[in-house]
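J.: Provided herewith: final-v3.cif, mmCIF, C-alpha atoms and all ligand atoms.
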```cif
data_work
#
loop_
_atom_site.label_atom_id
_atom_site.label_comp_id
_atom_site.auth_asym_id
_atom_site.auth_seq_id
_atom_site.Cartn_x
_atom_site.Cartn_y
_atom_site.Cartn_z
CA MET A 21 -46.03 9.17 64.83
CA THR A 22 -48.72 10.33 67.21
CA PRO A 23 -47.64 12.84 69.84
CA THR A 24 -48.01 11.55 73.41
CA ILE A 25 -47.70 12.89 76.93
CA ARG A 26 -45.02 11.09 78.95
CA THR A 27 -46.54 10.22 82.35
CA VAL A 28 -44.98 8.27 85.21
CA LEU A 29 -46.98 5.21 84.06
CA GLY A 30 -46.09 5.51 80.38
CA ASP A 31 -46.96 7.51 77.30
CA LEU A 32 -50.52 8.82 77.18
CA ASP A 33 -52.77 9.74 74.26
CA PRO A 34 -53.42 13.50 74.72
CA ALA A 35 -57.15 12.80 74.27
CA GLU A 36 -57.01 10.95 77.62
CA LEU A 37 -55.49 13.85 79.56
CA GLY A 38 -58.66 15.46 80.94
CA ALA A 39 -58.75 18.39 83.39
CA THR A 40 -55.12 19.17 84.19
CA ASP A 41 -53.26 21.01 86.91
CA SER A 42 -50.43 22.07 84.59
CA HIS A 43 -47.96 23.36 87.20
CA ASP A 44 -47.84 21.92 90.69
CA HIS A 45 -45.79 19.89 93.18
CA LEU A 46 -46.61 16.74 95.12
CA PHE A 47 -43.03 16.57 96.44
CA ILE A 48 -40.47 19.36 96.77
CA ARG A 49 -37.79 20.46 99.20
CA SER A 50 -35.28 23.28 99.21
CA PRO A 51 -32.74 24.59 101.71
CA LEU A 52 -34.46 27.95 101.14
CA LEU A 53 -37.71 26.62 102.66
CA PRO A 54 -36.72 24.75 105.84
CA GLY A 55 -39.60 23.00 107.58
CA GLU A 56 -41.85 23.46 104.52
CA GLU A 57 -40.86 20.26 102.70
CA LEU A 58 -43.52 18.40 100.78
CA ASP A 59 -42.19 14.88 101.39
CA ASP A 60 -45.12 12.82 102.66
CA PRO A 61 -46.54 10.24 100.22
CA ALA A 62 -49.76 9.92 102.26
CA ALA A 63 -50.34 13.69 102.05
CA ALA A 64 -49.60 13.62 98.32
CA GLU A 65 -52.14 10.82 97.90
CA GLY A 66 -54.72 12.98 99.72
CA VAL A 67 -54.05 15.85 97.33
CA LEU A 68 -54.57 13.62 94.30
CA ARG A 69 -57.72 12.01 95.72
CA ALA A 70 -59.30 15.41 96.46
CA PHE A 71 -58.29 16.67 93.02
CA ALA A 72 -59.82 13.60 91.37
CA ALA A 73 -63.04 14.00 93.39
CA ALA A 74 -63.32 17.58 92.08
CA GLY A 75 -62.99 16.31 88.49
CA GLY A 76 -59.21 16.52 88.04
CA ARG A 77 -57.60 13.91 85.79
CA SER A 78 -53.94 14.93 85.33
CA PHE A 79 -51.28 16.57 87.48
CA VAL A 80 -47.97 17.94 86.18
CA GLN A 81 -45.19 18.17 88.76
CA TRP A 82 -42.51 20.76 87.98
CA THR A 83 -40.01 19.60 90.66
CA PRO A 84 -36.59 19.23 88.98
CA TYR A 85 -33.61 17.03 89.81
CA GLY A 86 -32.22 17.26 93.34
CA MET A 87 -35.28 18.74 95.03
CA GLY A 88 -36.94 15.60 96.39
CA ARG A 89 -39.24 14.65 93.52
CA GLY A 90 -40.73 11.61 95.23
CA ALA A 91 -39.56 9.44 92.34
CA ASP A 92 -40.19 6.25 94.33
CA SER A 93 -43.82 7.17 95.04
CA LEU A 94 -45.14 8.82 91.89
CA ALA A 95 -46.06 5.68 89.92
CA ARG A 96 -47.85 4.08 92.89
CA LEU A 97 -49.72 7.31 93.67
CA SER A 98 -50.86 7.64 90.07
CA ARG A 99 -52.00 4.02 90.05
CA VAL A 100 -53.97 4.11 93.32
CA THR A 101 -55.65 7.50 92.66
CA GLY A 102 -56.24 7.13 88.92
CA VAL A 103 -54.73 10.59 88.29
CA HIS A 104 -52.19 10.82 85.47
CA VAL A 105 -48.94 12.30 86.83
CA VAL A 106 -46.15 13.89 84.78
CA ALA A 107 -42.70 14.22 86.43
CA ALA A 108 -39.86 16.60 85.55
CA THR A 109 -36.14 16.55 85.02
CA GLY A 110 -34.11 19.79 84.87
CA LEU A 111 -32.46 22.02 87.47
CA HIS A 112 -33.71 24.97 89.49
CA GLN A 113 -31.72 28.08 90.45
CA ALA A 114 -28.32 27.44 92.06
CA ALA A 115 -29.59 28.65 95.45
CA HIS A 116 -31.69 25.49 95.82
CA TYR A 117 -28.61 23.19 95.77
CA ASP A 118 -25.65 22.39 97.97
CA PRO A 119 -22.85 24.62 96.63
CA ASP A 120 -20.32 21.85 97.29
CA THR A 121 -22.00 19.30 95.02
CA LEU A 122 -23.53 21.58 92.38
CA PRO A 123 -20.40 22.06 90.18
CA ALA A 124 -20.14 18.29 89.64
CA LEU A 125 -23.64 18.29 88.15
CA TYR A 126 -22.71 20.50 85.20
CA ASP A 127 -20.65 17.72 83.60
CA GLY A 128 -22.98 15.65 81.49
CA LEU A 129 -26.02 17.71 82.43
CA SER A 130 -27.87 17.36 79.13
CA GLU A 131 -27.08 13.62 79.15
CA ARG A 132 -28.66 13.38 82.61
CA PHE A 133 -31.77 15.22 81.40
CA ILE A 134 -32.00 12.95 78.34
CA ALA A 135 -31.58 9.81 80.48
CA GLU A 136 -34.33 10.96 82.86
CA LEU A 137 -36.67 11.64 79.91
CA THR A 138 -35.98 8.40 78.08
CA THR A 139 -34.85 5.81 80.68
CA GLY A 140 -35.98 6.94 84.14
CA LEU A 141 -35.40 9.44 86.94
CA THR A 142 -31.93 9.07 88.47
CA ALA A 143 -31.10 9.00 92.18
CA GLU A 144 -30.79 12.37 93.90
CA PRO A 145 -28.15 13.33 96.46
CA ALA A 146 -29.05 12.47 100.08
CA THR A 147 -30.99 15.17 101.95
CA GLU A 148 -29.08 14.90 105.21
CA PRO A 149 -25.33 14.84 105.77
CA PRO A 150 -24.24 11.39 106.95
CA GLY A 151 -24.61 11.08 110.74
CA PRO A 152 -22.63 8.93 113.19
CA PRO A 153 -22.65 5.21 112.42
CA GLY A 154 -25.83 3.59 113.71
CA PRO A 155 -26.86 -0.03 114.09
CA PRO A 156 -26.44 -2.16 110.95
CA ALA A 157 -29.25 -1.75 108.44
CA ALA A 158 -32.00 -4.35 108.55
CA PRO A 159 -31.89 -6.81 105.65
CA GLU A 160 -34.15 -5.92 102.76
CA ALA A 161 -37.60 -7.42 102.91
CA PRO A 162 -37.65 -10.38 100.50
CA GLU A 163 -40.72 -9.02 98.68
CA ALA A 164 -39.00 -5.72 97.85
CA PRO A 165 -38.44 -5.41 94.10
CA ALA A 166 -34.85 -5.81 92.96
CA SER A 167 -34.89 -2.35 91.37
CA PRO A 168 -37.51 0.39 91.68
CA GLU A 169 -39.93 0.94 88.82
CA ALA A 170 -38.49 3.18 86.10
CA VAL A 171 -40.34 6.50 86.06
CA ARG A 172 -39.56 8.76 83.12
CA ALA A 173 -39.78 12.55 83.13
CA GLY A 174 -42.19 14.23 80.71
CA LEU A 175 -40.77 17.75 80.80
CA ILE A 176 -37.61 19.72 81.56
CA LYS A 177 -37.85 22.35 84.30
CA VAL A 178 -35.44 25.31 84.36
CA ALA A 179 -35.45 28.68 86.10
CA CYS A 180 -34.27 32.19 85.34
CA ASP A 181 -32.59 34.49 87.82
CA PRO A 182 -33.80 37.78 89.21
CA GLY A 183 -32.16 40.61 87.28
CA THR A 184 -29.32 39.20 85.26
CA THR A 185 -28.59 35.74 83.82
CA THR A 186 -26.00 33.79 85.81
CA ALA A 187 -23.48 31.25 84.50
CA HIS A 188 -25.55 28.56 86.25
CA THR A 189 -28.66 29.52 84.33
CA ARG A 190 -26.80 29.73 81.03
CA GLN A 191 -25.45 26.20 81.48
CA VAL A 192 -28.80 24.78 82.59
CA MET A 193 -30.69 26.39 79.71
CA ALA A 194 -28.12 25.16 77.17
CA ALA A 195 -28.42 21.63 78.57
CA ALA A 196 -32.23 21.85 78.58
CA ALA A 197 -32.28 23.00 74.96
CA SER A 198 -29.93 20.19 73.98
CA ALA A 199 -32.15 17.65 75.77
CA HIS A 200 -35.19 19.14 74.05
CA HIS A 201 -33.58 18.71 70.63
CA ALA A 202 -32.62 15.12 71.46
CA THR A 203 -36.02 14.04 72.83
CA GLY A 204 -38.71 16.58 71.87
CA ALA A 205 -39.51 17.29 75.55
CA PRO A 206 -41.20 20.59 76.43
CA ILE A 207 -39.31 23.03 78.67
CA ALA A 208 -41.05 24.65 81.67
CA VAL A 209 -39.55 27.85 83.08
CA HIS A 210 -39.76 29.33 86.58
CA LEU A 211 -39.73 33.14 86.23
CA GLU A 212 -38.72 35.57 88.95
CA PRO A 213 -40.64 38.74 89.75
CA ARG A 214 -37.76 40.95 88.56
CA ALA A 215 -36.80 38.78 85.61
CA HIS A 216 -37.39 39.75 82.02
CA PRO A 217 -39.08 36.83 80.27
CA HIS A 218 -37.82 38.07 76.89
CA LEU A 219 -34.32 37.09 78.08
CA VAL A 220 -35.57 33.53 78.56
CA LEU A 221 -37.05 33.48 75.09
CA ASN A 222 -33.87 34.95 73.61
CA ARG A 223 -31.76 32.28 75.25
CA LEU A 224 -33.93 29.21 74.66
CA HIS A 225 -35.43 30.15 71.31
CA VAL A 226 -33.11 32.60 69.54
CA ARG A 227 -29.79 31.24 70.79
CA HIS A 228 -30.61 27.53 71.24
CA GLY A 229 -33.37 27.01 68.68
CA VAL A 230 -36.16 25.73 70.94
CA PRO A 231 -39.49 26.46 69.18
CA PRO A 232 -41.65 28.90 71.22
CA HIS A 233 -44.55 26.41 71.39
CA ARG A 234 -42.25 23.98 73.30
CA ILE A 235 -41.65 26.60 76.04
CA ILE A 236 -44.02 27.00 79.02
CA LEU A 237 -43.47 30.08 81.18
CA GLY A 238 -44.57 29.92 84.82
CA HIS A 239 -45.38 32.76 87.21
CA LEU A 240 -46.39 35.38 84.64
CA THR A 241 -48.86 36.70 87.21
CA ARG A 242 -45.87 38.05 89.12
CA LEU A 243 -44.97 40.27 86.16
CA PRO A 244 -48.08 42.40 85.85
CA ASP A 245 -47.21 44.00 82.52
CA VAL A 246 -49.93 43.15 80.04
CA ARG A 247 -47.91 44.42 77.11
CA VAL A 248 -45.12 41.91 77.84
CA HIS A 249 -47.69 39.14 78.28
CA ARG A 250 -49.26 39.90 74.92
CA GLU A 251 -45.89 40.07 73.13
CA LEU A 252 -44.86 36.69 74.53
CA ALA A 253 -48.20 35.08 73.73
CA ALA A 254 -47.94 36.38 70.16
CA GLU A 255 -44.55 34.60 69.89
CA GLY A 256 -46.38 31.33 70.59
CA VAL A 257 -45.09 30.36 74.04
CA TYR A 258 -47.45 28.82 76.58
CA PHE A 259 -48.12 30.42 79.96
CA ALA A 260 -48.79 28.31 83.05
CA LEU A 261 -50.79 30.75 85.15
CA ASP A 262 -50.47 29.79 88.78
CA SER A 263 -53.70 30.39 90.56
CA PRO A 264 -54.61 30.07 93.31
CA SER A 265 -50.87 30.15 93.90
CA ARG A 266 -48.81 29.70 97.02
CA ALA A 267 -51.59 30.56 99.47
CA GLY A 268 -51.34 34.28 99.80
CA HIS A 269 -48.58 35.13 97.34
CA PRO A 270 -49.01 38.84 96.57
CA ALA A 271 -49.60 38.00 92.91
CA ASP A 272 -52.58 35.74 93.64
CA HIS A 273 -55.22 38.38 93.09
CA GLN A 274 -53.75 39.31 89.69
CA ALA A 275 -54.30 35.93 88.09
CA PHE A 276 -57.87 36.45 87.00
CA ASP A 277 -57.07 39.85 85.44
CA VAL A 278 -54.05 38.43 83.62
CA ILE A 279 -56.16 35.62 82.20
CA ALA A 280 -58.93 38.05 81.25
CA ASP A 281 -56.56 40.38 79.43
CA LEU A 282 -54.95 37.57 77.42
CA VAL A 283 -58.30 36.00 76.54
CA GLU A 284 -59.63 39.37 75.38
CA ALA A 285 -56.45 39.89 73.31
CA GLY A 286 -57.11 36.59 71.51
CA HIS A 287 -54.48 34.46 73.25
CA ALA A 288 -56.68 31.92 75.07
CA SER A 289 -54.95 29.08 73.20
CA ARG A 290 -51.64 29.82 74.99
CA LEU A 291 -52.94 29.54 78.56
CA LEU A 292 -52.59 26.69 81.07
CA LEU A 293 -53.64 26.70 84.72
CA GLY A 294 -51.82 25.35 87.77
CA ALA A 295 -51.83 25.73 91.55
CA ASP A 296 -48.04 25.59 92.13
CA THR A 297 -48.12 24.30 95.71
CA THR A 298 -44.52 24.57 96.98
CA THR A 299 -44.83 24.54 100.79
CA ARG A 300 -46.70 22.82 103.60
CA THR A 301 -48.29 26.16 104.42
CA ALA A 302 -49.55 26.54 100.86
CA ARG A 303 -50.86 22.98 100.80
CA ARG A 304 -53.47 23.92 103.41
CA ALA A 305 -55.11 26.09 100.73
CA ASP A 306 -55.76 22.93 98.67
CA GLY A 307 -54.81 24.70 95.45
CA PRO A 308 -55.42 21.90 92.91
CA THR A 309 -59.00 21.44 94.10
CA GLU A 310 -59.62 25.19 94.43
CA LEU A 311 -58.48 25.58 90.85
CA LEU A 312 -61.42 23.43 89.76
CA ASN A 313 -63.94 24.57 92.37
CA ASP A 314 -63.28 28.32 92.37
CA LEU A 315 -61.29 29.68 89.43
CA VAL A 316 -62.84 27.52 86.74
CA PRO A 317 -66.48 28.44 87.56
CA ARG A 318 -65.50 32.12 87.63
CA LEU A 319 -63.89 31.81 84.21
CA ALA A 320 -66.98 30.07 82.86
CA ARG A 321 -69.29 32.77 84.23
CA THR A 322 -67.20 35.54 82.66
CA PHE A 323 -66.12 34.02 79.36
CA GLY A 324 -68.65 31.27 78.72
CA PRO A 325 -68.57 27.50 79.20
CA GLU A 326 -65.97 26.81 76.47
CA LEU A 327 -63.02 28.55 78.10
CA PRO A 328 -62.38 26.21 81.06
CA GLY A 329 -62.10 23.21 78.74
CA LEU A 330 -59.55 25.05 76.64
CA LEU A 331 -57.35 26.13 79.57
CA LEU A 332 -57.70 22.93 81.59
CA THR A 333 -57.69 20.24 78.91
CA ALA A 334 -57.11 21.17 75.26
CA ASN A 335 -54.17 23.53 75.82
CA PRO A 336 -52.20 21.25 78.18
CA ALA A 337 -52.84 18.34 75.82
CA ALA A 338 -51.07 20.35 73.11
CA ALA A 339 -48.37 21.85 75.34
CA PHE A 340 -47.18 18.59 76.94
CA ALA A 341 -47.62 16.19 74.00
CA THR A 342 -44.63 15.56 71.79
CA ASP A 343 -43.24 13.13 69.24
CA TRP A 344 -40.80 11.51 71.66
CA ARG A 345 -37.39 10.68 70.26
CA THR A 346 -34.74 8.45 71.80
CA PRO A 347 -31.22 9.56 70.87
ZN ZN B 1 -43.54 25.46 90.77
#
```
What would the structure in this file look like if it were written as structure tokens?
Ligand SMILES: [Zn+2]

T.:
Amino acid sequence: MTPTIRTVLGDLDPAELGATDSHDHLFIRSPLLPGEELDDPAAAEGVLRAFAAAGGRSFVQWTPYGMGRGADSLARLSRVTGVHVVAATGLHQAAHYDPDTLPALYDGLSERFIAELTTGLTAEPATEPPGPPGPPAAPEAPEAPASPEAVRAGLIKVACDPGTTTAHTRQVMAAAASAHHATGAPIAVHLEPRAHPHLVLNRLHVRHGVPPHRIILGHLTRLPDVRVHRELAAEGVYFALDSPSRAGHPADHQAFDVIADLVEAGHASRLLLGADTTTRTARRADGPTELLNDLVPRLARTFGPELPGLLLTANPAAAFATDWRTP
């Protein structure tokens, strides 16, 4: 079998991937970021068109279940812009969910992840509590499709906690590992500034048997400890280095130095790049396009013309491609 990358329009030959934003968001919402929701399909289309005009070919969205992934829009946006889009299943930290509905999600969690990877993204809980009864809903337009297009996830997104590992995280990581074993899907991890990424590796790899090369760690630039970076890279995990990230995140300026250190230590093959746009404020910085117009030329000037192709194209092609299995 040939490994493929599972996009919202189907499975893609990794050779077709092209320049890739390996960690970003077209759609995301969280109760922790009120008023900063990315929920506008027209704005998302603008992001993809600008990215494509700058030479971008593929966009990997790390928004997990229950955070407004834009499941109804992703296939159309990919089709009209020509940019390959990968969607995610998985769960974020507990704080991003309604505490009243979260416990019900733990039952059958790995089955939900597997279904989203192999059949299609499932419906998310409503954003707003039900209001007073309004006028009766208008009848559906006759041209509306009977059921929305099935859009499958191509990766599993999980998160670690600051400090310790909570019961929520333990359950989510166990379910993610189980879904990985059932399908082959890669697992992408949100790291916290005070987290210890070795704990993530211990849980996913040592305890649950996920191979290091199927794990992609995000936000390493927030943990400016080059020794830890080098140890993790030597284990074989991938890093999604988020730069320019979050429009003014304090870790932004560290990204280039982190990349430089890992390249000089011989770990260029483990590195992916992404803009990780999570808010409306951050979107004004146009991260996906800046990635190609700013960071990539700087990398080429410092390390030669080969490095951008490795970080933007060859490495994500390897990190996101898998021999998909259907349990
Ligand atoms: Zn992210």

J.: For His218 (chain A), which residue among A:Leu330, A:Leu46, A:Leu237, A:Val278 is the nearest when counting only C-alpha atoms?

T.: A:Leu237

J.: For Asp59 (chain A), which of A:Leu175, A:Ala72, A:Leu94, A:Ala339 is the closest residue, counting all atoms listed in the file?

T.: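 Using all atoms listed in the file, Asp59 (chain A) sits closest to A:Leu94.
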
J.: Smallest atom-to-atom distance to Pro145 (chain A): which of A:Arg89, A:Arg321, A:His201, A:His249, using all atoms listed in the file?

T.: A:Arg89

J.: Hey, what's within 12 Å of Asn222 (chain A) if we count all atoms listed in the file and toss same-chain stuff fewer than 5 positions away? As a list of chain:residue names, please?

T.: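 That gives A:Thr185, A:Arg190, A:Met193, A:Ala194, A:His216, A:Pro217, A:Arg227, A:His228, A:Gly229, A:Val230, A:Pro231, A:Pro232, A:Ile235, A:Leu252, A:Glu255.
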
J.: Restricted to C-alpha atoms, what would the selected residues look like written as a PDB file, keeping the file's coordinate frame?

T.:
```pdb
ATOM      1  CA  THR A 185     -28.590  35.740  83.820  1.00  0.00           C
ATOM      2  CA  ARG A 190     -26.800  29.730  81.030  1.00  0.00           C
ATOM      3  CA  MET A 193     -30.690  26.390  79.710  1.00  0.00           C
ATOM      4  CA  ALA A 194     -28.120  25.160  77.170  1.00  0.00           C
ATOM      5  CA  HIS A 216     -37.390  39.750  82.020  1.00  0.00           C
ATOM      6  CA  PRO A 217     -39.080  36.830  80.270  1.00  0.00           C
ATOM      7  CA  ARG A 227     -29.790  31.240  70.790  1.00  0.00           C
ATOM      8  CA  HIS A 228     -30.610  27.530  71.240  1.00  0.00           C
ATOM      9  CA  GLY A 229     -33.370  27.010  68.680  1.00  0.00           C
ATOM     10  CA  VAL A 230     -36.160  25.730  70.940  1.00  0.00           C
ATOM     11  CA  PRO A 231     -39.490  26.460  69.180  1.00  0.00           C
ATOM     12  CA  PRO A 232     -41.650  28.900  71.220  1.00  0.00           C
ATOM     13  CA  ILE A 235     -41.650  26.600  76.040  1.00  0.00           C
ATOM     14  CA  LEU A 252     -44.860  36.690  74.530  1.00  0.00           C
ATOM     15  CA  GLU A 255     -44.550  34.600  69.890  1.00  0.00           C
TER      16      GLU A 255
END
```

J.: Closest to Thr346 (chain A) among A:His200, A:Lys177, A:Arg234, A:His104, using only C-alpha atoms?

T.: A:His200

J.: Smallest atom-to-atom distance to ligand ZN 1 (chain B): which of A:Gly128, A:Gly324, A:Pro84, A:Gly140, using all atoms listed in the file?

T.: A:Pro84
